[in-house]
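Remarks on the structure that follows.
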Amino acid sequence: MRVLVIYASADGSTAGIAERIAERLRHRGHHASLHPVGEAGSVEGADAVVLGSAVHARRWLDEATAFVDTHHLELRDRPLWTFSVGMPDALPRWARRLARREEEAVMVQLGDLRPVSHRLFSGVVAPGQFPPASRLFLRLTGARYGDFRDWASIEAWADEIAERLDDTAGEAADRARRGDLRL
Ligand SMILES: Cc1cc2nc3c(=O)[nH]c(=O)nc-3n(C[C@H](O)[C@H](O)[C@H](O)COP(=O)(O)O)c2cc1C
């Protein structure tokens with residue numbers, strides 16, 4: 001099936017995750033194309049969309065929410081998978097529950113879109129990304145820096161998407177066959 005994998009990334013780690021998802025979908029036999037959100041254009045013509053954004057200040061990046069607003073109807077009309085990239089695994093255990101509340105806030109940004117599934121992944125967290133006050137805050141909360149991308153769980157999610165697309169394609173083929181028989 002034709003799948004658009006669209007992402008908004010400030011520092012590159014969401015782009016890497018989107019790229020891995022697209023590669024995995026291709027490996028599973030789907031036609032997946034990869035686009036930064038600013039270059040994605042229309043989603044008409046796609047059978048399904050995977051849309052992800054880095055999280056800054058508990059929100060998807062502005063270009064991602066602008067894309068959702070502009071293409072709302074097209075996104076509502078086709079299977080949609082969404083993911084956020086934040087820093088839960090960089091945080092101490094006690095602070096990770098905050099990530100769940102952030103995800104609720106992200107879902108509010110999606111309005112009445114109902115993704116088939118939504119995931120929060122951890123990305124790359126580097127001191128150079130943050131202003132001094134945020135670095136101090138992160139140090140005080142016990143946050144760590146590093147590349148926290150969990151490629152196994154990213155690939156497992158992409159495989160789930162591929163399986164669901166396989167099912168959808170199979171059902172469409174069955175419907176077409178039944179239609180042929182009626183003719
Ligand atoms: C200015 C700034 C604000 C951030 N705010 C959040 C946040 O509110 N919640 C969160 O989980 N991660 C936050 N992060 C961490 C990023 O989401 C994380 O580094 C992610 O990997 C960034 O993805 P990117 O490399 O695609 O831009 C923030 C990072 C920056 C630089």
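Here's how to read the names in the structure tokens: chain A, B, ... by the order shown, residue numbers from 1 in each chain, ligand numbers from 1 in the order shown.
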Practice task
Check which residues fall inside 7 Å of ligand 1 when counting only C-alpha atoms and all ligand atoms, and print them as a list of chain:residue names.
Solution key: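 The neighbouring residues of ligand 1 are, in order, A:Ala8, A:Ser9, A:Ala10, A:Asp11, A:Gly12, A:Ser13, A:Thr14, A:Ala15, A:Ser53, A:Ala54, A:Val55, A:His56, A:Ala57, A:Arg58, A:Arg59, A:Val85, A:Gly86, A:Met87, A:Pro88, A:Ala99, A:Ser122, A:Gly123, A:Val124, A:Val125, A:Ala126, A:Gln129, A:Phe130.
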Practice task
Would you please extract all strand (DSSP E or B) residues from chain A, as assigned by DSSP on the backbone, and give them as a count of residues only?
Solution key: 41
Exercise for the section: May I have the residues within 10 Å of A:Ile161 as a ChimeraX atom specification, using only C-alpha atoms and disregarding those fewer than 6 positions away in the same chain? Expected result: /A:21,24-25,28,48,50,79-81,116-117,155,167
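Counting only C-alpha atoms, the residue from A:Glu102, A:Asp62, A:Asp159, A:Asp150 that sits nearest to A:Phe121 is A:Asp150.
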Exercise for the section: Please indicate the distance in Å from atom CA of A:Leu51 to atom CA of A:Val37, rounded to one decimal place. Expected result: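 Separation of atom CA of A:Leu51 and atom CA of A:Val37: 8.6 Å.
Take the candidates A:Leu98, A:Ala90, A:Leu110, A:Leu138 and check each one against A:His71 using only C-alpha atoms; the shortest distance goes to A:Leu110.
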Handout entry: Test item, alpha helix (DSSP H) assignment across stretch 11-164 of chain A, answer as a ChimeraX atom specification
Key = /A:13-27,62-70,72-76,93-109,132-141,151-164
Exercise for the section: Determine the nearest neighbour of A:Ile17 from the options A:Glu39, A:Arg101, A:Ala32, A:Val5, counting only C-alpha atoms. Expected result: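 Among A:Glu39, A:Arg101, A:Ala32, A:Val5, it is A:Val5 that comes nearest to A:Ile17.
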Exercise for the section: Find the residue from A:Ala162, A:Asp69, A:Val49, A:Thr141 that sits nearest to A:Ser33; use only C-alpha atoms when measuring. Expected result: A:Val49
Exercise for the section: Tell me which protein, DNA and RNA residues are within 6 Å of A:Phe83, counting only C-alpha atoms, leaving out same-chain ones fewer than 3 positions away, and put them as a list of chain:residue names. Expected result: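 Close residues of A:Phe83: A:Gly52, A:His118, A:Arg119, A:Leu120.
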Include C-alpha atoms and write out the residues we just selected as a CSV table (one decimal), in the first residue's frame.
```csv
chain,number,residue,atom,x,y,z
A,52,GLY,CA,5.3,12.1,13.9
A,118,HIS,CA,0.0,6.4,18.9
A,119,ARG,CA,3.4,5.9,20.4
A,120,LEU,CA,5.8,8.0,22.4
```
Exercise for the section: Rank nothing, just name the residue among A:Ala46, A:Ala152, A:Leu165, A:Leu73 nearest to A:Arg114, using only C-alpha atoms. Expected result: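 Smallest distance to A:Arg114 is found for A:Leu73.
Interatomic distance, atom CA of A:Tyr145 against atom CA of A:His35: 27.5 Å.
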Handout entry: Proximity to A:Leu75 - best of A:Ala95, A:Ala158, A:Gly111, A:Phe148, only C-alpha atoms
Key =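 Nearest candidate to A:Leu75 out of A:Ala95, A:Ala158, A:Gly111, A:Phe148: A:Gly111.
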Handout entry: d(atom CA of A:Gly29, atom CA of A:Met1) in Å
Key =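 Between atom CA of A:Gly29 and atom CA of A:Met1 the gap is 8.1 Å.
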